[in-house]
>>> print(open('protein13.txt').read())   # compact mmCIF, C-alpha atoms
# COMPACT_ATOMS: atom_id res chain seq x y z
CA MET A 1 25.38 61.44 2.14
CA GLU A 2 26.48 58.64 -0.15
CA ARG A 3 25.72 55.06 0.90
CA GLU A 4 27.81 52.11 -0.03
CA PHE A 5 25.86 49.44 -1.84
CA VAL A 6 26.14 46.45 -4.07
CA ASP A 7 23.74 45.41 -6.77
CA LEU A 8 21.58 42.32 -6.29
CA LEU A 9 23.54 40.20 -8.76
CA THR A 10 26.80 40.97 -6.98
CA LEU A 11 25.23 40.08 -3.63
CA GLN A 12 23.89 36.82 -5.00
CA GLN A 13 27.23 35.97 -6.58
CA GLN A 14 28.98 36.61 -3.27
CA MET A 15 26.43 34.37 -1.50
CA LYS A 16 26.90 31.69 -4.15
CA SER A 17 30.65 31.81 -3.73
CA GLY A 18 30.38 31.71 0.04
CA VAL A 19 27.90 28.84 0.17
CA GLU A 20 29.75 26.70 -2.35
CA ASP A 21 33.10 27.41 -0.69
CA LEU A 22 31.60 26.38 2.65
CA PHE A 23 30.26 23.11 1.18
CA PRO A 24 32.66 22.09 -1.57
CA ASP A 25 31.78 18.40 -1.19
CA ARG A 26 28.52 16.50 -0.92
CA VAL A 27 27.03 16.29 2.57
CA TRP A 28 24.50 13.92 4.17
CA VAL A 29 21.40 15.72 5.45
CA ARG A 30 18.61 14.35 7.63
CA ALA A 31 15.18 15.88 6.99
CA GLU A 32 11.49 15.24 6.42
CA ILE A 33 9.77 15.48 3.05
CA ALA A 34 7.21 18.30 3.26
CA SER A 35 6.14 17.90 -0.37
CA VAL A 36 7.26 15.99 -3.43
CA SER A 37 6.46 16.33 -7.13
CA VAL A 38 7.81 14.51 -10.19
CA LYS A 39 7.52 16.74 -13.26
CA SER A 40 6.86 15.66 -16.82
CA ASN A 41 10.51 16.40 -17.68
CA GLY A 42 11.59 13.66 -15.24
CA HIS A 43 13.01 15.91 -12.50
CA CYS A 44 11.80 15.30 -8.91
CA TYR A 45 11.32 18.41 -6.76
CA MET A 46 11.01 18.29 -3.00
CA ASP A 47 10.50 20.65 -0.10
CA LEU A 48 12.53 19.39 2.85
CA CYS A 49 11.88 20.52 6.39
CA GLN A 50 12.82 19.96 10.00
CA ASN A 51 10.15 20.20 12.66
CA GLY A 52 10.46 21.21 16.27
CA PRO A 53 7.98 21.16 19.15
CA ARG A 54 6.21 24.24 17.74
CA GLY A 55 6.36 23.39 14.05
CA ALA A 56 8.88 23.85 11.25
CA VAL A 57 12.28 25.24 12.25
CA ALA A 58 14.01 24.88 8.86
CA LYS A 59 13.05 24.50 5.20
CA ALA A 60 14.93 24.04 1.95
CA LYS A 61 14.20 23.21 -1.66
CA ALA A 62 15.73 20.06 -3.11
CA VAL A 63 15.82 18.37 -6.48
CA ILE A 64 16.76 14.99 -7.88
CA TRP A 65 17.66 15.57 -11.49
CA ARG A 66 16.23 13.26 -14.10
CA SER A 67 19.62 11.66 -14.75
CA ARG A 68 19.69 10.41 -11.13
CA TYR A 69 16.00 10.13 -10.26
CA LEU A 70 15.29 6.82 -12.02
CA ILE A 71 18.29 5.16 -10.36
CA VAL A 72 17.73 6.65 -6.88
CA SER A 73 13.96 6.05 -6.82
CA ALA A 74 14.28 2.48 -8.11
CA ALA A 75 16.82 1.59 -5.41
CA PHE A 76 14.69 3.23 -2.71
CA ARG A 77 11.52 1.49 -3.84
CA GLU A 78 13.23 -1.91 -4.00
CA ALA A 79 14.42 -1.52 -0.41
CA THR A 80 11.29 0.02 1.14
CA GLY A 81 8.50 -0.94 -1.26
CA SER A 82 7.51 2.70 -1.67
CA LEU A 83 8.37 5.88 -3.53
CA PHE A 84 9.09 9.16 -1.79
CA THR A 85 6.02 10.51 0.01
CA GLN A 86 5.05 13.48 2.13
CA GLY A 87 5.90 13.10 5.81
CA MET A 88 8.68 10.58 5.18
CA SER A 89 11.94 10.94 7.14
CA VAL A 90 14.94 10.67 4.83
CA LEU A 91 18.71 10.79 4.89
CA VAL A 92 19.88 12.32 1.62
CA ARG A 93 23.29 13.09 0.15
CA VAL A 94 23.24 16.55 -1.38
CA GLN A 95 25.40 18.96 -3.24
CA VAL A 96 24.70 22.43 -1.88
CA THR A 97 24.35 24.94 -4.71
CA TYR A 98 23.26 28.53 -4.91
CA SER A 99 21.67 30.17 -7.94
CA GLU A 100 21.47 33.91 -8.50
CA LEU A 101 17.89 33.34 -9.81
CA TYR A 102 16.56 30.47 -7.69
CA GLY A 103 18.47 30.73 -4.44
CA LEU A 104 19.69 27.82 -2.32
CA THR A 105 19.07 24.35 -3.74
CA LEU A 106 20.05 20.93 -2.45
CA SER A 107 20.80 18.61 -5.37
CA ILE A 108 20.15 15.05 -4.18
CA ASP A 109 22.13 12.23 -5.71
CA GLU A 110 21.53 9.47 -3.13
CA VAL A 111 18.89 8.52 -0.55
CA GLU A 112 19.60 6.02 2.23
CA PRO A 113 16.55 3.67 2.50
CA GLU A 114 17.75 1.95 5.68
CA PHE A 115 17.59 5.26 7.52
CA THR A 116 13.95 5.76 6.57
CA LEU A 117 13.04 2.23 7.66
CA GLY A 118 14.99 2.70 10.88
CA GLU A 119 13.23 5.96 11.66
CA MET A 120 9.88 4.27 11.13
CA GLU A 121 10.82 1.48 13.52
CA LEU A 122 12.11 3.94 16.11
CA GLN A 123 8.89 5.96 15.93
CA ARG A 124 6.89 2.75 16.17
CA ARG A 125 8.66 1.78 19.39
CA ARG A 126 8.04 5.21 20.85
CA THR A 127 4.35 4.89 20.01
CA VAL A 128 4.09 1.46 21.66
CA ALA A 129 5.86 2.73 24.79
CA ARG A 130 3.53 5.72 25.01
CA LEU A 131 0.41 3.58 24.64
CA GLN A 132 1.68 1.15 27.27
CA GLU A 133 2.35 4.00 29.65
CA GLU A 134 -1.19 5.31 29.10
CA GLY A 135 -2.72 1.85 29.66
CA MET A 136 -4.16 1.61 26.16
CA MET A 137 -2.56 -1.57 24.83
CA ASP A 138 -5.07 -3.99 26.43
CA ARG A 139 -8.15 -1.82 26.65
CA GLN A 140 -9.85 -3.45 23.66
CA LYS A 141 -9.04 -6.93 25.02
CA ALA A 142 -11.34 -6.26 27.98
CA LEU A 143 -14.39 -5.92 25.70
CA ALA A 144 -16.78 -8.82 25.06
CA LEU A 145 -17.73 -9.89 21.56
CA SER A 146 -21.33 -10.95 20.91
CA PRO A 147 -21.58 -14.76 20.58
CA LEU A 148 -23.28 -14.21 17.21
CA PRO A 149 -21.91 -10.95 15.73
CA TYR A 150 -24.32 -9.83 13.02
CA ALA A 151 -23.93 -6.07 12.41
CA LEU A 152 -20.41 -5.37 11.13
CA ALA A 153 -18.93 -1.94 10.36
CA VAL A 154 -16.11 -2.14 7.82
CA ILE A 155 -13.48 0.58 7.43
CA SER A 156 -11.84 0.25 4.01
CA ALA A 157 -11.56 1.75 0.57
CA ALA A 158 -14.66 0.94 -1.48
CA ASP A 159 -12.70 -0.45 -4.41
CA ALA A 160 -10.11 -2.33 -2.33
CA ALA A 161 -9.58 -5.93 -3.40
CA GLY A 162 -9.39 -7.02 0.24
CA TYR A 163 -12.84 -5.58 0.97
CA GLY A 164 -14.28 -7.35 -2.07
CA ASP A 165 -12.71 -10.65 -1.02
CA PHE A 166 -14.11 -10.23 2.48
CA ARG A 167 -17.67 -9.55 1.29
CA ARG A 168 -17.70 -12.49 -1.10
CA HIS A 169 -16.29 -14.93 1.42
CA LEU A 170 -18.62 -13.80 4.21
CA LEU A 171 -21.90 -13.15 2.41
CA GLU A 172 -21.73 -15.97 -0.13
CA ASN A 173 -20.94 -18.62 2.49
CA GLU A 174 -22.04 -22.20 1.92
CA TYR A 175 -24.04 -22.35 5.15
CA GLY A 176 -26.44 -19.54 4.30
CA PHE A 177 -25.51 -17.48 7.38
CA ALA A 178 -26.67 -13.85 7.08
CA TYR A 179 -24.83 -10.69 8.18
CA ARG A 180 -25.22 -6.94 7.97
CA VAL A 181 -22.08 -5.34 6.50
CA ASP A 182 -21.87 -1.51 6.31
CA LEU A 183 -18.89 0.22 4.70
CA PHE A 184 -17.35 3.34 6.24
CA GLU A 185 -15.04 4.45 3.47
CA ALA A 186 -11.57 5.75 4.37
CA THR A 187 -8.14 6.38 2.89
CA MET A 188 -6.01 3.36 3.73
CA GLN A 189 -2.47 4.55 2.97
CA GLY A 190 -0.40 7.71 2.92
CA ALA A 191 -0.10 10.68 5.22
CA SER A 192 -3.86 11.36 5.26
CA ALA A 193 -4.83 7.76 6.10
CA PRO A 194 -4.72 7.94 9.94
CA ALA A 195 -7.00 10.99 10.09
CA SER A 196 -9.36 9.43 7.55
CA MET A 197 -9.65 6.18 9.51
CA ILE A 198 -10.09 8.06 12.80
CA GLU A 199 -12.99 9.96 11.21
CA ALA A 200 -14.51 6.66 10.09
CA LEU A 201 -14.20 5.21 13.60
CA ALA A 202 -16.00 8.26 15.00
CA ALA A 203 -18.77 7.81 12.42
CA VAL A 204 -19.22 4.19 13.48
CA GLU A 205 -19.50 5.15 17.13
CA THR A 206 -22.16 7.81 16.45
CA ALA A 207 -24.16 5.77 13.91
CA ASP A 208 -27.79 4.81 14.58
CA VAL A 209 -26.87 1.13 14.26
CA ARG A 210 -25.36 -0.63 17.25
CA TYR A 211 -22.53 -2.57 15.64
CA ASP A 212 -21.22 -5.82 17.08
CA ALA A 213 -17.72 -5.29 15.67
CA VAL A 214 -15.61 -2.86 13.63
CA LEU A 215 -13.35 -4.29 10.93
CA ILE A 216 -10.35 -2.43 9.50
CA LEU A 217 -9.49 -4.07 6.17
CA ARG A 218 -6.61 -3.62 3.77
CA GLY A 219 -5.24 -6.09 1.27
CA GLY A 220 -1.53 -5.83 2.09
CA GLY A 221 1.18 -3.52 0.78
CA SER A 222 4.75 -2.40 1.29
CA ALA A 223 6.26 -1.34 4.60
CA MET A 224 5.81 2.30 3.65
CA ASP A 225 2.22 1.76 2.53
CA LEU A 226 1.37 0.21 5.89
CA ALA A 227 3.27 2.74 8.02
CA CYS A 228 0.00 4.58 8.70
CA PHE A 229 -1.09 1.67 10.90
CA ASP A 230 1.70 2.57 13.35
CA ASP A 231 0.26 6.05 13.88
CA TYR A 232 -0.27 6.96 17.53
CA ALA A 233 -3.54 8.86 17.05
CA LEU A 234 -5.06 6.00 15.07
CA ALA A 235 -3.99 3.42 17.64
CA LEU A 236 -5.43 5.57 20.43
CA ALA A 237 -8.77 5.91 18.60
CA ILE A 238 -8.94 2.12 18.15
CA ALA A 239 -8.09 1.48 21.80
CA GLN A 240 -10.74 3.90 23.07
CA LEU A 241 -13.59 2.65 20.85
CA PRO A 242 -16.20 0.83 22.99
CA VAL A 243 -16.81 -1.73 20.21
CA PRO A 244 -14.46 -4.67 19.48
CA VAL A 245 -12.12 -3.75 16.61
CA PHE A 246 -10.65 -6.39 14.29
CA THR A 247 -7.73 -5.63 11.97
CA ALA A 248 -6.96 -7.52 8.77
CA ILE A 249 -4.31 -5.50 7.02
CA GLY A 250 -3.14 -8.31 4.77
CA HIS A 251 0.47 -8.64 5.83
CA ASP A 252 2.29 -11.84 6.78
CA ARG A 253 5.43 -10.58 8.46
CA ASP A 254 4.61 -7.19 9.93
CA TYR A 255 2.78 -6.58 13.18
CA HIS A 256 1.58 -3.01 13.43
CA VAL A 257 0.57 -0.92 16.42
CA ALA A 258 -3.04 -0.97 15.20
CA ASP A 259 -2.90 -4.78 15.41
CA MET A 260 -1.50 -4.62 18.94
CA VAL A 261 -4.26 -2.43 20.39
CA ALA A 262 -7.13 -4.10 18.48
CA PHE A 263 -9.49 -6.62 20.04
CA ARG A 264 -8.13 -9.22 17.62
CA PHE A 265 -6.06 -9.22 14.44
CA VAL A 266 -5.76 -11.69 11.57
CA LYS A 267 -3.52 -11.67 8.52
CA THR A 268 -6.01 -11.25 5.67
CA PRO A 269 -9.58 -10.03 5.08
CA THR A 270 -10.59 -13.55 4.00
CA ALA A 271 -9.26 -15.00 7.24
CA LEU A 272 -11.29 -12.39 9.11
CA ALA A 273 -14.44 -13.48 7.29
CA ASP A 274 -13.71 -17.01 8.51
CA GLU A 275 -13.60 -15.70 12.09
CA PHE A 276 -17.24 -14.62 11.89
CA LEU A 277 -18.33 -17.69 9.95
CA ASP A 278 -16.73 -19.83 12.66
CA CYS A 279 -18.82 -18.07 15.33
CA TYR A 280 -22.01 -19.10 13.57
CA ALA A 281 -20.73 -22.56 12.63
CA ALA A 282 -19.81 -23.21 16.27
CA GLU A 283 -23.28 -22.14 17.40
CA ASP A 284 -24.85 -24.23 14.66
CA ALA A 285 -22.82 -27.23 15.80
CA ARG A 286 -23.79 -26.55 19.42
CA LEU A 287 -27.48 -26.46 18.52
CA GLU A 288 -27.08 -29.60 16.42
CA SER A 289 -25.43 -31.27 19.41
CA PHE A 290 -28.35 -30.22 21.62
CA GLY A 291 -30.76 -31.59 19.02
CA ALA A 292 -28.91 -34.90 18.89
CA ARG A 293 -28.89 -35.12 22.67
CA LEU A 294 -32.61 -34.34 22.81
CA ARG A 295 -33.30 -37.01 20.20
CA LEU A 296 -31.27 -39.55 22.16
CA ALA A 297 -32.98 -38.61 25.41
CA PHE A 298 -36.41 -38.76 23.77
CA ASN A 299 -35.70 -42.13 22.16
CA ALA A 300 -34.38 -43.47 25.45
CA LYS A 301 -37.53 -42.30 27.23
CA ILE A 302 -39.74 -43.87 24.58
CA SER A 303 -37.79 -47.15 24.83
CA GLN A 304 -38.18 -47.09 28.60
CA MET A 305 -41.92 -46.51 28.33
CA GLU A 306 -42.25 -49.23 25.69
CA SER A 307 -40.44 -51.67 27.98
CA ARG A 308 -42.81 -50.84 30.82
CA VAL A 309 -45.81 -51.30 28.52
CA GLU A 310 -44.45 -54.66 27.32
CA LEU A 311 -43.98 -55.76 30.91
CA LEU A 312 -47.51 -54.74 31.80
CA LEU A 313 -48.87 -56.54 28.75
CA ALA A 314 -46.94 -59.67 29.70
CA ARG A 315 -48.39 -59.55 33.21
CA ILE A 316 -51.89 -59.00 31.81
CA ARG A 317 -51.47 -61.86 29.40
CA ALA A 318 -50.19 -64.08 32.20
CA ALA A 319 -53.26 -63.27 34.29
CA ASP A 320 -55.74 -63.70 31.43
CA PRO A 321 -57.86 -66.88 31.97
CA ARG A 322 -57.90 -67.42 28.23
CA GLY A 323 -54.23 -68.14 28.44
CA ILE A 324 -54.90 -70.94 30.89
CA LEU A 325 -57.61 -72.38 28.66
CA GLU A 326 -55.24 -72.26 25.67
CA ARG A 327 -52.92 -74.60 27.59
CA GLY A 328 -55.69 -77.28 27.97
CA TYR A 329 -57.04 -76.35 31.38
CA THR A 330 -60.72 -75.66 32.18
CA LEU A 331 -62.38 -73.03 34.29
CA ALA A 332 -65.50 -73.71 36.41
CA THR A 333 -67.94 -71.04 37.60
CA ASP A 334 -71.21 -71.25 39.49
CA ALA A 335 -74.50 -70.16 38.05
CA ARG A 336 -73.68 -66.52 38.85
CA GLY A 337 -70.33 -66.67 36.98
CA VAL A 338 -68.16 -66.70 40.11
CA VAL A 339 -65.01 -68.75 39.56
CA LEU A 340 -64.98 -71.89 41.66
CA LYS A 341 -61.66 -72.50 43.28
CA SER A 342 -62.76 -75.43 45.42
CA ALA A 343 -65.37 -78.22 45.42
CA ALA A 344 -66.32 -77.35 48.97
CA GLY A 345 -69.68 -75.69 49.24
CA LEU A 346 -71.18 -77.46 46.25
CA ALA A 347 -74.13 -79.81 46.63
CA ARG A 348 -76.01 -82.24 44.43
CA GLY A 349 -78.11 -80.42 41.89
CA ASP A 350 -76.00 -77.20 41.81
CA ARG A 351 -75.66 -75.75 38.33
CA LEU A 352 -72.13 -75.16 36.95
CA ARG A 353 -70.54 -73.78 33.85
CA VAL A 354 -67.28 -75.35 32.66
CA LEU A 355 -65.25 -73.27 30.23
CA PHE A 356 -62.99 -74.96 27.67
CA ARG A 357 -60.72 -73.37 25.05
CA ASP A 358 -63.27 -74.07 22.34
CA GLY A 359 -66.58 -73.79 24.20
CA THR A 360 -68.62 -73.90 27.43
CA LEU A 361 -70.61 -76.71 29.04
CA ASN A 362 -73.55 -76.19 31.36
CA CYS A 363 -73.44 -78.92 34.03
CA THR A 364 -75.32 -80.14 37.12
CA VAL A 365 -73.57 -81.54 40.20
CA ASP A 366 -74.49 -85.23 40.52
CA GLY A 367 -72.30 -85.88 43.51
CA LYS A 368 -68.86 -85.56 45.03
CA VAL A 369 -66.06 -88.06 44.78
>>> encode(input="protein13.txt", output="structure tokens")
Amino acid sequence: MEREFVDLLTLQQQMKSGVEDLFPDRVWVRAEIASVSVKSNGHCYMDLCQNGPRGAVAKAKAVIWRSRYLIVSAAFREATGSLFTQGMSVLVRVQVTYSELYGLTLSIDEVEPEFTLGEMELQRRRTVARLQEEGMMDRQKALALSPLPYALAVISAADAAGYGDFRRHLLENEYGFAYRVDLFEATMQGASAPASMIEALAAVETADVRYDAVLILRGGGSAMDLACFDDYALALAIAQLPVPVFTAIGHDRDYHVADMVAFRFVKTPTALADEFLDCYAAEDARLESFGARLRLAFNAKISQMESRVELLLARIRAADPRGILERGYTLATDARGVVLKSAAGLARGDRLRVLFRDGTLNCTVDGKV
């Protein structure tokens, strides 16, 4: 029995004709970048995909030819601050082509940056709503920070400029305050960053040291670079950590989900260093105030005691017979030294002593007048 058949080339040519007849014009396609690679020849190759609840439901190969890549990538980077990366949602204009050797290919000639930024914002809002529903947004705010935080766990890249700025500003402070700063190194941008930071948070929690605070540091970046700080899993890990978490991601305009769930956020790593210096400076000022108050109280007590002593001395001096003699008066005593306050009781022949300022006379009573 003879079977009807076509050779592979004929089949591929028929598929090529059918596909290209179906899509004669360029079409806008929404997808996610599964992988991206720029070759030495200048062409940019991508794997695009669409994910469903159970994983990928569609995949296709795409390419931006060298003649368009420099223009398309420059425009995208100017608008978003980032190049194309894995996991990014994109809206691309493609020409659908089919090759007998390489199969279906989507040739990209334009990428809409506003779509990517909009998708990021939409996902961010969904994440915030989910965390609010789960009661995680204010969980960190209920924690108490030590009045003098000393042991600090830092999550950052080891060679990050922000981490270096933080260490110098904190540890080389003019007051001489001392801190313990331990680095838990993590990837701070890209698709792998959330998982890396979550792993670092877990390492902090299980460390032998009981840390007073956890600091997530990054020295700024583009909107795409910082998109990892809107990740739900990372925000959840921050919210659930039983140690106060501070974020200093180094951005002036953006406010990320990680900032929202953290115990406190500041704009830059240097500003965060000031937060901890201020804790010690405030305590130092409080102790100085106590010292000043103690000195004032002590001086006041001493002054009070000195006044009482002066009063007692004045009363003693007033009662001292020598003071009376200094004023020209005399003092008479009998032979036993008892002060005579009256002439009554004295008789002729009694012996007296009369004290003057400059000497004493021994006298005998000759008579009364």
>>> residues_around(input="protein13.txt", residues="region 136-138 of chain A", least_positions_apart="4", cutoff="6 Å", atoms="all atoms listed in the file", output="list in words")
Leu131, Gln132, Ala239 and Val261 of chain A
>>> closest_residue(input="protein13.txt", among="A:Lys301, A:Arg139, A:Arg293, A:Arg66", to="Asn41 (chain A)", atoms="only C-alpha atoms")
A:Arg66
>>> atom_distance(input="protein13.txt", atom1="CA of Thr247 (chain A)", atom2="CA of Glu283 (chain A)")
23.3 Å
>>> atom_distance(input="protein13.txt", atom1="CA of Asn173 (chain A)", atom2="CA of Ala151 (chain A)")
16.3 Å
>>> closest_atom_pairs(input="protein13.txt", of="region 47-81 of chain A", to="region 103-124 of chain A", cutoff="6 Å", atoms="only C-alpha atoms", output="JSON lines")
{"residue": "A:Lys61", "atom": "CA", "partner": "A:Thr105", "partner_atom": "CA", "distance": 5.4}
{"residue": "A:Ala62", "atom": "CA", "partner": "A:Leu106", "partner_atom": "CA", "distance": 4.5}
{"residue": "A:Val63", "atom": "CA", "partner": "A:Ser107", "partner_atom": "CA", "distance": 5.1}
{"residue": "A:Ile64", "atom": "CA", "partner": "A:Ile108", "partner_atom": "CA", "distance": 5.0}
{"residue": "A:Phe76", "atom": "CA", "partner": "A:Pro113", "partner_atom": "CA", "distance": 5.5}
>>> closest_residue(input="protein13.txt", among="A:Ala314, A:Ala227, A:Ala56, A:Ala335", to="Gly81 (chain A)", atoms="all atoms listed in the file")
A:Ala227
>>> closest_residue(input="protein13.txt", among="A:Phe177, A:Met46, A:Met188, A:Gln240", to="Glu205 (chain A)", atoms="only C-alpha atoms")
A:Gln240
>>> atom_distance(input="protein13.txt", atom1="CA of Ala213 (chain A)", atom2="CA of Arg125 (chain A)")
27.6 Å
>>> residues_around(input="protein13.txt", residues="Ala142 (chain A)", least_positions_apart="2", cutoff="10 Å", atoms="all atoms listed in the file", output="ChimeraX atom specification")
/A:138-140,144-145,242,244,263
>>> closest_residue(input="protein13.txt", among="A:Leu234, A:Val92, A:Ala129, A:Val365", to="Leu48 (chain A)", atoms="all atoms listed in the file")
A:Val92
>>> closest_residue(input="protein13.txt", among="A:Gly190, A:Gly367, A:Gly164, A:Gly135", to="Leu83 (chain A)", atoms="all atoms listed in the file")
A:Gly190
>>> residues_around(input="protein13.txt", residues="Asp334 (chain A)", least_positions_apart="5", cutoff="10 Å", atoms="only C-alpha atoms", output="PyMOL selection string")
chain A and resi 339-340+346+350-354+362-363
>>> residues_around(input="protein13.txt", residues="Ala237 (chain A)", least_positions_apart="5", cutoff="12 Å", atoms="all atoms listed in the file", output="list of chain:residue names")
A:Leu131, A:Met136, A:Met137, A:Arg139, A:Gln140, A:Pro194, A:Ala195, A:Ser196, A:Met197, A:Ile198, A:Glu199, A:Ala200, A:Leu201, A:Ala202, A:Ala203, A:Val204, A:Glu205, A:Phe229, A:Asp231, A:Tyr232, A:Pro242, A:Val243, A:Val245, A:Val257, A:Ala258, A:Val261, A:Ala262
>>> residues_around(input="protein13.txt", residues="Lys59 (chain A)", least_positions_apart="4", cutoff="8 Å", atoms="all atoms listed in the file", output="number ranges by chain")
A: 47-50
>>> write_last_selection(input="protein13.txt", atoms="C-alpha atoms", output="mmCIF file, in the coordinates of the input")
data_model
loop_
_atom_site.group_PDB
_atom_site.id
_atom_site.type_symbol
_atom_site.label_atom_id
_atom_site.label_comp_id
_atom_site.auth_asym_id
_atom_site.auth_seq_id
_atom_site.Cartn_x
_atom_site.Cartn_y
_atom_site.Cartn_z
ATOM 1 C CA ASP A 47 10.500 20.650 -0.100
ATOM 2 C CA LEU A 48 12.530 19.390 2.850
ATOM 3 C CA CYS A 49 11.880 20.520 6.390
ATOM 4 C CA GLN A 50 12.820 19.960 10.000
#
>>> closest_residue(input="protein13.txt", among="A:Pro24, A:Gly52, A:Gly162, A:Gly176", to="Ile216 (chain A)", atoms="all atoms listed in the file")
A:Gly162
>>> axis_aligned_box(input="protein13.txt", around="region 263-266 of chain A", padding_each_side="5 Å", output="lines of an AutoDock Vina configuration file")
center_x = -7.6
center_y = -9.2
center_z = 15.8
size_x = 13.7
size_y = 15.1
size_z = 18.5
>>> residues_near_point(input="protein13.txt", point="(-13.9, -13.2, -0.6)", cutoff="12 Å", atoms="only C-alpha atoms", output="list in words")
Ala160, Ala161, Gly162, Tyr163, Gly164, Asp165, Phe166, Arg167, Arg168, His169, Leu170, Leu171, Glu172, Asn173, Gly219, Thr268, Pro269, Thr270, Ala271, Leu272, Ala273 and Asp274 of chain A
>>> build_atoms(input="protein13.txt", residues="region 267-278 of chain A", atoms="N, CA and C atoms", output="PDB file, in the frame of the given file")
ATOM      1  N   LYS A 267      -4.438 -12.078   9.574  1.00  0.00           N
ATOM      2  CA  LYS A 267      -3.520 -11.670   8.520  1.00  0.00           C
ATOM      3  C   LYS A 267      -4.197 -11.114   7.279  1.00  0.00           C
ATOM      4  N   THR A 268      -5.370 -11.659   6.928  1.00  0.00           N
ATOM      5  CA  THR A 268      -6.010 -11.250   5.670  1.00  0.00           C
ATOM      6  C   THR A 268      -7.500 -11.016   5.877  1.00  0.00           C
ATOM      7  N   PRO A 269      -8.130 -10.225   5.000  1.00  0.00           N
ATOM      8  CA  PRO A 269      -9.580 -10.030   5.080  1.00  0.00           C
ATOM      9  C   PRO A 269     -10.365 -11.335   4.961  1.00  0.00           C
ATOM     10  N   THR A 270      -9.904 -12.263   4.135  1.00  0.00           N
ATOM     11  CA  THR A 270     -10.590 -13.550   4.000  1.00  0.00           C
ATOM     12  C   THR A 270     -10.538 -14.339   5.298  1.00  0.00           C
ATOM     13  N   ALA A 271      -9.386 -14.313   5.944  1.00  0.00           N
ATOM     14  CA  ALA A 271      -9.260 -15.000   7.240  1.00  0.00           C
ATOM     15  C   ALA A 271     -10.180 -14.368   8.276  1.00  0.00           C
ATOM     16  N   LEU A 272     -10.377 -13.054   8.179  1.00  0.00           N
ATOM     17  CA  LEU A 272     -11.290 -12.390   9.110  1.00  0.00           C
ATOM     18  C   LEU A 272     -12.729 -12.818   8.854  1.00  0.00           C
ATOM     19  N   ALA A 273     -13.095 -12.978   7.602  1.00  0.00           N
ATOM     20  CA  ALA A 273     -14.440 -13.480   7.290  1.00  0.00           C
ATOM     21  C   ALA A 273     -14.647 -14.848   7.926  1.00  0.00           C
ATOM     22  N   ASP A 274     -13.615 -15.682   7.892  1.00  0.00           N
ATOM     23  CA  ASP A 274     -13.710 -17.010   8.510  1.00  0.00           C
ATOM     24  C   ASP A 274     -13.944 -16.913  10.010  1.00  0.00           C
ATOM     25  N   GLU A 275     -13.399 -15.877  10.653  1.00  0.00           N
ATOM     26  CA  GLU A 275     -13.600 -15.700  12.090  1.00  0.00           C
ATOM     27  C   GLU A 275     -15.096 -15.598  12.415  1.00  0.00           C
ATOM     28  N   PHE A 276     -15.810 -14.814  11.615  1.00  0.00           N
ATOM     29  CA  PHE A 276     -17.240 -14.620  11.890  1.00  0.00           C
ATOM     30  C   PHE A 276     -18.067 -15.815  11.424  1.00  0.00           C
ATOM     31  N   LEU A 277     -17.649 -16.457  10.362  1.00  0.00           N
ATOM     32  CA  LEU A 277     -18.330 -17.690   9.950  1.00  0.00           C
ATOM     33  C   LEU A 277     -18.165 -18.769  11.021  1.00  0.00           C
ATOM     34  N   ASP A 278     -16.990 -18.828  11.620  1.00  0.00           N
ATOM     35  CA  ASP A 278     -16.730 -19.830  12.660  1.00  0.00           C
ATOM     36  C   ASP A 278     -17.626 -19.620  13.875  1.00  0.00           C
TER      37      ASP A 278
END
